[in-house]
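What follows is the content of model.tsv (TSV, C-alpha atoms).
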chain	number	residue	atom	x	y	z
A	255	MET	CA	32.02	-30.45	44.40
A	256	ARG	CA	31.49	-27.45	46.66
A	257	SER	CA	28.02	-25.96	46.86
A	258	THR	CA	27.38	-22.85	44.77
A	259	CYS	CA	24.53	-20.62	43.65
A	260	SER	CA	23.73	-19.32	40.17
A	261	LEU	CA	21.99	-16.17	39.02
A	262	TYR	CA	19.69	-15.96	35.97
A	263	ILE	CA	18.78	-12.42	34.90
A	264	ASP	CA	16.06	-11.59	32.40
A	265	ALA	CA	17.46	-8.22	31.26
A	266	GLY	CA	14.15	-7.22	29.68
A	267	TYR	CA	12.34	-7.58	32.99
A	268	LEU	CA	15.13	-6.08	35.10
A	269	LEU	CA	15.60	-2.95	32.99
A	270	ALA	CA	11.91	-2.35	32.33
A	271	SER	CA	11.12	-2.67	36.03
A	272	ALA	CA	14.07	-0.50	37.02
A	273	ALA	CA	12.96	2.13	34.49
A	274	THR	CA	9.45	2.05	35.96
A	275	ARG	CA	10.87	2.58	39.44
A	276	VAL	CA	13.02	5.51	38.34
A	277	THR	CA	10.93	7.22	35.65
A	278	GLY	CA	7.39	5.88	36.08
A	279	THR	CA	7.42	4.01	32.77
A	280	SER	CA	9.16	0.91	31.42
A	281	LEU	CA	10.80	2.70	28.47
A	282	ARG	CA	14.42	1.50	28.59
A	283	GLY	CA	15.68	4.50	26.67
A	284	GLY	CA	14.66	6.73	29.58
A	285	ILE	CA	17.38	5.42	31.90
A	286	HIS	CA	21.15	5.18	32.05
A	287	VAL	CA	22.48	1.99	33.68
A	288	ASP	CA	25.82	1.27	35.33
A	289	TYR	CA	25.73	-2.42	34.43
A	290	SER	CA	28.88	-3.34	36.34
A	291	LYS	CA	27.49	-1.84	39.54
A	292	LEU	CA	24.01	-3.31	39.05
A	293	ILE	CA	25.19	-6.85	38.28
A	294	GLY	CA	27.75	-6.67	41.09
A	295	SER	CA	25.02	-5.71	43.57
A	296	LEU	CA	22.80	-8.59	42.44
A	297	LEU	CA	25.69	-11.05	42.67
A	298	ALA	CA	26.63	-9.93	46.18
A	299	ALA	CA	23.01	-10.04	47.37
A	300	ALA	CA	22.50	-13.57	46.03
A	301	GLU	CA	25.69	-14.84	47.66
A	302	ALA	CA	24.73	-13.26	50.98
A	303	GLN	CA	21.21	-14.69	50.90
A	304	ALA	CA	22.28	-18.21	49.94
A	305	GLY	CA	25.44	-18.26	52.01
A	306	LEU	CA	27.19	-19.71	48.96
A	307	SER	CA	29.71	-18.47	46.43
A	308	MET	CA	28.46	-17.56	42.97
A	309	LEU	CA	29.20	-20.04	40.20
A	310	ARG	CA	28.01	-17.84	37.34
A	311	VAL	CA	25.69	-15.00	36.37
A	312	HIS	CA	23.62	-15.60	33.22
A	313	TRP	CA	22.49	-12.42	31.45
A	314	TYR	CA	19.65	-12.89	28.95
A	315	ASP	CA	18.80	-10.19	26.44
A	316	SER	CA	17.85	-9.69	22.79
A	317	ALA	CA	20.16	-8.56	20.01
A	318	ARG	CA	19.72	-7.81	16.34
A	319	ASN	CA	20.32	-11.10	14.51
A	320	GLY	CA	21.62	-12.50	17.79
A	321	ILE	CA	24.82	-10.43	17.49
A	322	PRO	CA	25.79	-8.51	20.65
A	323	ASP	CA	26.14	-4.75	20.49
A	324	ALA	CA	29.01	-2.89	22.15
A	325	GLN	CA	27.22	-2.61	25.51
A	326	GLN	CA	26.31	-6.30	25.57
A	327	GLU	CA	29.89	-7.24	24.74
A	328	ARG	CA	31.08	-5.25	27.76
A	329	ILE	CA	28.51	-7.01	29.94
A	330	GLY	CA	29.73	-10.39	28.70
A	331	GLU	CA	33.30	-9.45	29.67
A	332	LEU	CA	32.39	-8.85	33.34
A	333	PRO	CA	33.71	-11.48	35.79
A	334	LYS	CA	31.49	-14.57	36.14
A	335	VAL	CA	28.96	-13.23	33.61
A	336	LYS	CA	27.75	-15.44	30.77
A	337	LEU	CA	25.98	-13.56	27.96
A	338	ARG	CA	22.97	-15.39	26.53
A	339	LEU	CA	21.25	-13.67	23.62
A	340	GLY	CA	17.99	-14.13	21.83
A	341	ARG	CA	17.09	-12.03	18.85
A	342	PHE	CA	14.62	-9.40	17.75
A	343	GLY	CA	11.79	-10.47	15.48
A	344	VAL	CA	10.91	-8.53	12.35
A	345	ASN	CA	8.57	-6.34	14.42
A	346	GLY	CA	10.98	-5.72	17.29
A	347	GLU	CA	9.64	-8.33	19.73
A	348	GLN	CA	11.99	-10.59	21.69
A	349	LYS	CA	12.54	-14.06	20.30
A	350	GLY	CA	14.12	-16.97	22.11
A	351	VAL	CA	14.94	-15.25	25.42
A	352	ASP	CA	12.37	-17.06	27.57
A	353	LEU	CA	13.20	-20.33	25.86
A	354	ARG	CA	16.92	-19.93	26.61
A	355	ILE	CA	16.21	-19.16	30.27
A	356	GLY	CA	13.89	-22.15	30.62
A	357	LEU	CA	16.27	-24.57	28.90
A	358	ASP	CA	19.21	-23.40	31.00
A	359	LEU	CA	17.28	-23.71	34.26
A	360	VAL	CA	16.31	-27.29	33.49
A	361	ALA	CA	19.68	-28.38	32.05
A	362	HIS	CA	21.69	-26.84	34.88
A	363	ALA	CA	19.39	-28.36	37.49
A	364	ARG	CA	19.65	-31.78	35.87
A	365	ASN	CA	23.46	-31.51	35.92
A	366	ARG	CA	23.46	-30.12	39.48
A	367	ALA	CA	25.51	-27.14	38.38
A	368	SER	CA	24.45	-25.30	41.57
A	369	ASP	CA	22.27	-25.93	44.59
A	370	VAL	CA	20.40	-22.61	44.60
A	371	PHE	CA	19.14	-20.75	41.54
A	372	PHE	CA	18.21	-17.08	41.74
A	373	LEU	CA	15.88	-15.93	38.96
A	374	VAL	CA	15.38	-12.23	38.20
A	375	SER	CA	12.23	-12.27	36.09
A	376	GLY	CA	8.49	-11.94	36.28
A	377	ASP	CA	7.50	-13.89	33.18
A	378	ASP	CA	4.60	-16.28	33.57
A	379	ASP	CA	6.03	-18.51	30.82
A	380	LEU	CA	8.93	-19.56	33.06
A	381	ALA	CA	6.76	-21.22	35.71
A	382	GLU	CA	6.95	-24.69	34.13
A	383	ALA	CA	10.74	-24.47	33.76
A	384	VAL	CA	11.03	-23.51	37.42
A	385	GLU	CA	8.97	-26.51	38.48
A	386	GLU	CA	11.01	-28.84	36.26
A	387	ALA	CA	14.26	-27.53	37.77
A	388	GLN	CA	12.89	-28.16	41.26
A	389	VAL	CA	12.25	-31.80	40.36
A	390	HIS	CA	16.04	-32.22	40.16
A	391	GLY	CA	16.54	-31.01	43.73
A	392	VAL	CA	17.49	-27.34	43.37
A	393	GLN	CA	15.91	-24.35	45.05
A	394	VAL	CA	14.63	-21.60	42.75
A	395	LEU	CA	14.26	-18.19	44.39
A	396	LEU	CA	12.74	-15.19	42.66
A	397	LEU	CA	14.32	-11.75	42.93
A	398	ALA	CA	11.98	-8.90	41.96
A	399	VAL	CA	12.60	-5.20	41.40
A	400	PRO	CA	10.66	-3.25	44.04
A	401	THR	CA	8.37	-0.39	43.14
A	402	VAL	CA	8.74	2.91	44.99
A	403	ASP	CA	6.09	1.52	47.36
A	404	GLY	CA	8.24	-1.53	48.10
A	405	LYS	CA	6.08	-4.05	46.22
A	406	ALA	CA	7.45	-6.61	43.76
A	407	HIS	CA	7.00	-5.19	40.27
A	408	GLY	CA	5.58	-7.18	37.39
A	409	VAL	CA	5.90	-10.75	38.70
A	410	SER	CA	3.12	-13.13	37.63
A	411	ARG	CA	1.24	-14.96	40.36
A	412	HIS	CA	1.75	-18.26	38.57
A	413	LEU	CA	5.53	-17.76	38.71
A	414	ILE	CA	5.37	-16.78	42.39
A	415	ARG	CA	3.47	-19.97	43.20
A	416	ALA	CA	5.99	-22.08	41.29
A	417	ALA	CA	9.10	-20.61	42.93
A	418	ASP	CA	10.35	-21.51	46.41
A	419	GLU	CA	10.52	-17.92	47.57
A	420	LEU	CA	10.06	-14.32	46.43
A	421	ASP	CA	12.34	-11.55	47.64
A	422	ASN	CA	12.86	-7.98	46.55
A	423	ILE	CA	16.14	-6.64	45.24
A	424	ASP	CA	17.50	-3.85	47.42
A	425	GLY	CA	15.88	-0.70	46.09
A	426	ALA	CA	18.88	1.41	47.07
A	427	ALA	CA	21.13	-0.79	44.92
A	428	VAL	CA	18.84	-0.22	41.94
A	429	ASP	CA	18.74	3.53	42.53
A	430	ALA	CA	22.53	3.68	42.77
A	431	ALA	CA	23.02	1.97	39.39
A	432	VAL	CA	20.05	3.29	37.40
A	433	VAL	CA	19.45	7.00	36.80
A	434	LYS	CA	16.97	8.90	34.72
A	435	VAL	CA	18.13	10.35	31.41
A	436	ASP	CA	17.22	14.00	31.13
A	437	ARG	CA	18.56	15.61	27.98
A	438	GLN	CA	18.45	19.37	27.92
A	439	PRO	CA	17.41	20.97	24.64
A	440	ILE	CA	20.50	21.83	22.62
A	441	PRO	CA	20.29	25.41	21.36
A	442	VAL	CA	20.91	25.88	17.67
A	443	PRO	CA	24.12	27.95	17.28
A	444	ILE	CA	23.71	31.20	15.42
A	445	ALA	CA	26.45	31.93	12.90
A	446	PRO	CA	28.19	35.27	13.56
A	447	LEU	CA	27.60	38.01	11.07
A	448	ARG	CA	30.47	38.48	8.63
A	449	PRO	CA	31.56	42.03	7.98
A	450	SER	CA	30.72	43.11	4.48
A	451	THR	CA	33.68	43.77	2.20
A	452	SER	CA	31.70	44.79	-0.86
A	453	THR	CA	29.25	47.48	-1.66
A	454	PRO	CA	25.83	46.79	-0.28
A	455	ALA	CA	23.59	44.97	-2.66
A	456	VAL	CA	20.48	46.63	-3.87
A	457	ALA	CA	17.46	45.22	-2.08
A	458	ALA	CA	15.34	42.98	-4.21
A	459	ALA	CA	12.21	44.61	-5.42
A	460	ARG	CA	9.06	43.59	-3.56
A	461	PRO	CA	6.66	41.69	-5.73
A	462	SER	CA	3.61	43.67	-6.62
A	463	ALA	CA	0.34	42.78	-4.97
A	464	ARG	CA	-1.66	40.06	-6.70
A	465	THR	CA	-4.82	41.26	-8.40
A	466	PRO	CA	-8.14	39.38	-8.43
A	467	LEU	CA	-7.38	38.47	-12.06
A	468	ASP	CA	-4.09	36.83	-11.00
A	469	LEU	CA	-5.89	34.83	-8.32
A	470	ALA	CA	-8.50	33.67	-10.78
A	471	LYS	CA	-5.77	32.20	-13.00
A	472	VAL	CA	-4.49	29.96	-10.19
A	473	GLN	CA	-5.88	26.46	-10.57
A	474	HIS	CA	-8.01	25.54	-7.59
A	475	VAL	CA	-7.26	22.08	-6.14
A	476	PRO	CA	-9.96	20.88	-3.75
A	477	SER	CA	-8.59	19.73	-0.39
A	478	ALA	CA	-8.92	16.09	0.53
A	479	PRO	CA	-11.81	15.25	2.83
A	480	ARG	CA	-10.86	14.74	6.46
A	481	PRO	CA	-10.64	11.06	7.41
A	482	LYS	CA	-13.46	9.78	9.54
A	483	SER	CA	-11.28	7.18	11.26
A	484	VAL	CA	-7.75	6.92	12.60
A	485	LEU	CA	-5.39	4.32	11.17
A	486	ALA	CA	-3.20	2.66	13.80
A	487	TYR	CA	-0.78	-0.11	12.89
A	488	SER	CA	-0.05	-3.07	15.09
A	489	VAL	CA	3.69	-3.56	15.51
A	490	SER	CA	3.16	-7.17	16.56
A	491	THR	CA	0.92	-8.19	13.68
A	492	LEU	CA	1.51	-5.51	11.04
A	493	SER	CA	-2.25	-5.34	10.74
A	494	SER	CA	-4.29	-2.19	10.66
A	495	ASP	CA	-7.57	-1.31	12.22
A	496	HIS	CA	-9.90	0.97	10.30
A	497	SER	CA	-12.53	1.07	13.02
A	498	SER	CA	-13.63	4.49	14.08
A	499	PRO	CA	-12.29	5.48	17.51
A	500	GLY	CA	-15.69	6.93	18.31
A	501	TYR	CA	-16.90	3.57	19.66
A	502	TRP	CA	-15.10	4.14	22.95
A	503	ASP	CA	-15.36	6.79	25.61
A	504	ASP	CA	-12.00	8.22	26.67
A	505	ASN	CA	-13.62	9.35	29.90
A	506	ASP	CA	-14.26	5.80	31.09
A	507	GLU	CA	-11.97	4.22	33.67
A	508	GLN	CA	-9.97	2.22	31.13
A	509	GLY	CA	-9.61	5.30	28.94
A	510	GLN	CA	-8.16	7.25	31.87
A	511	LEU	CA	-5.66	4.47	32.61
A	512	ILE	CA	-4.60	4.36	28.97
A	513	ASP	CA	-4.27	8.14	28.92
A	514	ASP	CA	-2.00	8.04	31.98
A	515	VAL	CA	0.19	5.31	30.44
A	516	VAL	CA	0.59	7.20	27.17
A	517	THR	CA	1.37	10.46	28.97
A	518	ARG	CA	4.15	8.87	31.03
A	519	VAL	CA	5.73	6.98	28.12
A	520	LEU	CA	5.66	10.02	25.85
A	521	ALA	CA	7.13	12.25	28.56
A	522	SER	CA	9.94	9.76	29.23
A	523	PHE	CA	10.70	9.52	25.52
A	524	GLN	CA	10.77	13.28	25.00
A	525	GLU	CA	13.02	13.82	28.03
A	526	SER	CA	15.56	11.21	26.93
A	527	ALA	CA	15.37	11.17	23.11
A	528	THR	CA	18.11	12.49	20.90
A	529	GLY	CA	17.39	14.42	17.73
A	530	ASP	CA	17.85	11.21	15.73
A	531	ASP	CA	15.33	9.43	17.98
A	532	GLN	CA	12.79	12.17	17.37
A	533	LEU	CA	13.37	12.00	13.63
A	534	GLU	CA	13.01	8.21	13.61
A	535	LEU	CA	9.69	8.46	15.42
A	536	ARG	CA	8.29	10.95	12.90
A	537	ARG	CA	9.50	8.89	9.96
A	538	ALA	CA	7.95	5.71	11.36
A	539	ARG	CA	4.47	7.18	11.61
A	540	PRO	CA	1.84	5.71	11.63
A	541	SER	CA	3.83	2.79	13.04
A	542	ILE	CA	5.34	3.14	16.51
A	543	PRO	CA	9.01	2.18	17.07
A	544	PRO	CA	9.29	-1.20	18.85
A	545	ASP	CA	10.87	0.10	22.07
A	546	ILE	CA	8.12	2.68	22.58
A	547	ASP	CA	5.39	0.22	21.60
A	548	ARG	CA	6.79	-2.38	24.01
A	549	ALA	CA	6.78	0.17	26.85
A	550	LEU	CA	3.18	1.15	26.09
A	551	LEU	CA	2.05	-2.48	26.20
A	552	LEU	CA	4.03	-3.40	29.33
A	553	ASP	CA	2.83	-0.37	31.25
A	554	ALA	CA	-0.77	-0.94	30.16
A	555	CYS	CA	-0.59	-4.58	31.28
A	556	ASP	CA	0.67	-3.36	34.64
A	557	VAL	CA	-2.02	-0.75	35.30
A	558	ILE	CA	-4.94	-2.64	33.76
A	559	GLN	CA	-3.84	-5.89	35.46
A	560	LYS	CA	-4.13	-7.97	32.32
A	561	TYR	CA	-1.29	-10.26	31.21
A	562	ASP	CA	-2.34	-10.18	27.54
A	563	LEU	CA	-4.05	-7.13	26.07
A	564	ASP	CA	-6.74	-7.61	23.49
A	565	GLU	CA	-6.55	-5.86	20.12
A	566	ARG	CA	-9.07	-3.19	21.09
A	567	ILE	CA	-6.90	-1.97	23.99
A	568	ARG	CA	-3.79	-2.11	21.81
A	569	TYR	CA	-5.52	0.04	19.21
A	570	ARG	CA	-6.58	2.56	21.83
A	571	LEU	CA	-3.03	2.81	23.17
A	572	ARG	CA	-1.46	3.43	19.77
A	573	ALA	CA	-4.10	5.85	18.55
A	574	ARG	CA	-3.92	7.79	21.82
A	575	PHE	CA	-0.13	7.96	21.58
A	576	TRP	CA	-0.24	9.85	18.30
A	577	THR	CA	-2.97	12.13	19.59
A	578	LYS	CA	-0.87	13.00	22.62
A	579	TYR	CA	2.23	13.40	20.46
A	580	ASP	CA	0.44	15.89	18.18
A	581	GLU	CA	-0.84	17.81	21.20
A	582	SER	CA	2.65	18.07	22.67
A	583	SER	CA	4.07	19.19	19.33
A	584	VAL	CA	1.50	22.00	19.08
A	585	ARG	CA	2.34	23.15	22.62
A	586	ALA	CA	6.07	23.10	21.84
A	587	GLU	CA	5.59	25.18	18.70
A	588	GLY	CA	3.35	27.60	20.56

Entire entry expressed as structure tokens:
Amino acid sequence: MRSTCSLYIDAGYLLASAATRVTGTSLRGGIHVDYSKLIGSLLAAAEAQAGLSMLRVHWYDSARNGIPDAQQERIGELPKVKLRLGRFGVNGEQKGVDLRIGLDLVAHARNRASDVFFLVSGDDDLAEAVEEAQVHGVQVLLLAVPTVDGKAHGVSRHLIRAADELDNIDGAAVDAAVVKVDRQPIPVPIAPLRPSTSTPAVAAARPSARTPLDLAKVQHVPSAPRPKSVLAYSVSTLSSDHSSPGYWDDNDEQGQLIDDVVTRVLASFQESATGDDQLELRRARPSIPPDIDRALLLDACDVIQKYDLDERIRYRLRARFWTKYDESSVRAEG
């Protein structure tokens, strides 16, 4: 058999990192992607680097109930592309994607499907699968999305140590295929005035001013006391935290980092969201939609340099998101 190379793409990593490069946050809804151009660029770069023809491109992503949506079906129809889907859990988290990548790496290496594997991912959980694939005599090279500063974005050190090499994807190729979504506010059309064909109606009589006696008859309902704590739900655990946010200082270094993350994610959402997206967010409160919550957590991991955030940081992120959202709503109304 002739020598070939294979490409394994973790779509979650690729799109989140590309979104960070283009918009400053990993929110996937903030970007528009030309998938044919992006996958074609990755395929060509892998072939050029290996000096081998491409056997197949494996595209790993999540889908509701494991059923591809229209965009994923189009991706699966591209030449040499094999669609491999995990599913979304009940709380919107990916299920089965890392496992599929790891199993394919090992099985394909054992069967000597190709001589060189290119892996587009940064997930620490894939390090063991990479090492197992290498046992069977294949090279495993990492391809990372570069930041605007030219550094590999979001690749765990454990995975870097396990792989044979780490290279950056051409930033220009990413920029050519991924663009920022910037929806302009749609003005509400004003219905034209219809000419009147009938005699003008008599204006309704203004209600008379209410007297003190009228006011006294109105039943007084005491307002509810203001809550002393903020309730923030965890999308990953469906738990709630009733702890008062007063136990942290938003002026500390971590608080500033969290504030920056929330500001960027909220700005990206508001610039790219449709009216339906905005309505869904308001209806979900106090929960945060999974795509936004995932972006908050990924971006926080990146800036705080922690692979797994503890519950206290997660609470701060979610509580701060709603605070920022309310502040932006007040400014918009003003």

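Excluding Ala387 (chain A) and any residue on its chain fewer than 6 positions from it, the residues at most 12 Å away by all atoms listed in the file are Ile355, Gly356, Leu357, Asp358, Leu359, Val360, Ala361, His362, Ala363, Arg364, Asn365, Arg366, Ala367, Ser368, Asp369, Val370, Phe371, Phe372, Leu373, Leu380, Ala381, Gln393, Val394, Leu395, Ala416, Ala417 and Asp418 of chain A.
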
Near Gln303 (chain A), counting only C-alpha atoms, which residues have an atom at most 10 Å away, once you skip same-chain residues fewer than 5 positions from it, shown as a ChimeraX atom specification?
/A:259,298,372,421

Atomic distance CA of Arg282 (chain A) - CA of Phe523 (chain A), expressed in Å with one decimal:
9.4 Å

Could you work out how far CA of Val432 (chain A) lies from CA of Thr277 (chain A), giving the answer in Å with one decimal?
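Value for the CA of Thr277 (chain A)-CA of Val432 (chain A) distance: 10.1 Å.
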
Find the residues around Val515 (chain A) up to 7 Å (all atoms listed in the file counted), leave out those fewer than 2 positions away in its own chain, and share them as a PyMOL selection string.
chain A and resi 511-513+517-519+550+553-554

Nearest-residue call for Val276 (chain A), choices A:Pro540, A:Lys434, A:Arg548, A:Thr528, using all atoms listed in the file:
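Among the listed residues, the smallest separation from Val276 (chain A) belongs to A:Lys434.
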
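Between CA of His286 (chain A) and CA of Gly340 (chain A) lies a distance of 22.1 Å.
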
Taking all atoms listed in the file into account, name the residue in A:Ala317, A:Leu281, A:Ala383, A:Ile567 that is nearest to Lys349 (chain A).
A:Ala317

Neighbour residues at most 12 Å from (6.1, -3.9, 47.1) (all atoms listed in the file) as a PyMOL selection string:
chain A and resi 275+398-409+420-425

Residues near Gly266 (chain A), anyone? I mean within 8 Å using all atoms listed in the file, not counting same-chain ones fewer than 2 positions away, as a PyMOL selection string.
chain A and resi 264+268-270+314-315

Can we get region 536-552 of chain A of that structure written down with N, CA and C atoms, as a PDB file, in the first residue's frame?
ATOM      1  N   ARG A 536     -33.069  35.559  27.471  1.00  0.00           N
ATOM      2  CA  ARG A 536     -33.902  36.132  28.534  1.00  0.00           C
ATOM      3  C   ARG A 536     -34.826  35.075  29.141  1.00  0.00           C
ATOM      4  N   ARG A 537     -35.332  34.184  28.302  1.00  0.00           N
ATOM      5  CA  ARG A 537     -36.221  33.146  28.817  1.00  0.00           C
ATOM      6  C   ARG A 537     -35.476  32.139  29.682  1.00  0.00           C
ATOM      7  N   ALA A 538     -34.194  31.910  29.379  1.00  0.00           N
ATOM      8  CA  ALA A 538     -33.423  30.907  30.103  1.00  0.00           C
ATOM      9  C   ALA A 538     -33.009  31.371  31.498  1.00  0.00           C
ATOM     10  N   ARG A 539     -33.021  32.660  31.728  1.00  0.00           N
ATOM     11  CA  ARG A 539     -32.553  33.189  33.007  1.00  0.00           C
ATOM     12  C   ARG A 539     -33.286  32.552  34.179  1.00  0.00           C
ATOM     13  N   PRO A 540     -32.582  32.154  35.252  1.00  0.00           N
ATOM     14  CA  PRO A 540     -31.194  32.448  35.592  1.00  0.00           C
ATOM     15  C   PRO A 540     -30.160  31.490  35.000  1.00  0.00           C
ATOM     16  N   SER A 541     -30.587  30.461  34.271  1.00  0.00           N
ATOM     17  CA  SER A 541     -29.622  29.601  33.594  1.00  0.00           C
ATOM     18  C   SER A 541     -29.012  30.349  32.414  1.00  0.00           C
ATOM     19  N   ILE A 542     -27.851  29.898  31.980  1.00  0.00           N
ATOM     20  CA  ILE A 542     -27.164  30.482  30.840  1.00  0.00           C
ATOM     21  C   ILE A 542     -27.154  29.450  29.719  1.00  0.00           C
ATOM     22  N   PRO A 543     -27.543  29.813  28.494  1.00  0.00           N
ATOM     23  CA  PRO A 543     -27.536  28.849  27.390  1.00  0.00           C
ATOM     24  C   PRO A 543     -26.178  28.163  27.245  1.00  0.00           C
ATOM     25  N   PRO A 544     -26.172  26.871  26.891  1.00  0.00           N
ATOM     26  CA  PRO A 544     -24.932  26.088  26.883  1.00  0.00           C
ATOM     27  C   PRO A 544     -23.803  26.676  26.051  1.00  0.00           C
ATOM     28  N   ASP A 545     -24.106  27.254  24.869  1.00  0.00           N
ATOM     29  CA  ASP A 545     -23.025  27.769  24.036  1.00  0.00           C
ATOM     30  C   ASP A 545     -22.335  28.962  24.685  1.00  0.00           C
ATOM     31  N   ILE A 546     -23.117  29.823  25.335  1.00  0.00           N
ATOM     32  CA  ILE A 546     -22.531  30.973  26.029  1.00  0.00           C
ATOM     33  C   ILE A 546     -21.765  30.511  27.262  1.00  0.00           C
ATOM     34  N   ASP A 547     -22.353  29.584  28.011  1.00  0.00           N
ATOM     35  CA  ASP A 547     -21.697  29.076  29.217  1.00  0.00           C
ATOM     36  C   ASP A 547     -20.374  28.400  28.863  1.00  0.00           C
ATOM     37  N   ARG A 548     -20.377  27.632  27.777  1.00  0.00           N
ATOM     38  CA  ARG A 548     -19.157  26.942  27.338  1.00  0.00           C
ATOM     39  C   ARG A 548     -18.073  27.951  26.980  1.00  0.00           C
ATOM     40  N   ALA A 549     -18.454  29.041  26.298  1.00  0.00           N
ATOM     41  CA  ALA A 549     -17.486  30.070  25.941  1.00  0.00           C
ATOM     42  C   ALA A 549     -16.918  30.752  27.188  1.00  0.00           C
ATOM     43  N   LEU A 550     -17.785  31.035  28.159  1.00  0.00           N
ATOM     44  CA  LEU A 550     -17.309  31.641  29.404  1.00  0.00           C
ATOM     45  C   LEU A 550     -16.262  30.758  30.079  1.00  0.00           C
ATOM     46  N   LEU A 551     -16.549  29.462  30.165  1.00  0.00           N
ATOM     47  CA  LEU A 551     -15.643  28.546  30.858  1.00  0.00           C
ATOM     48  C   LEU A 551     -14.339  28.364  30.084  1.00  0.00           C
ATOM     49  N   LEU A 552     -14.427  28.211  28.763  1.00  0.00           N
ATOM     50  CA  LEU A 552     -13.212  28.036  27.956  1.00  0.00           C
ATOM     51  C   LEU A 552     -12.315  29.262  28.039  1.00  0.00           C
TER      52      LEU A 552
END
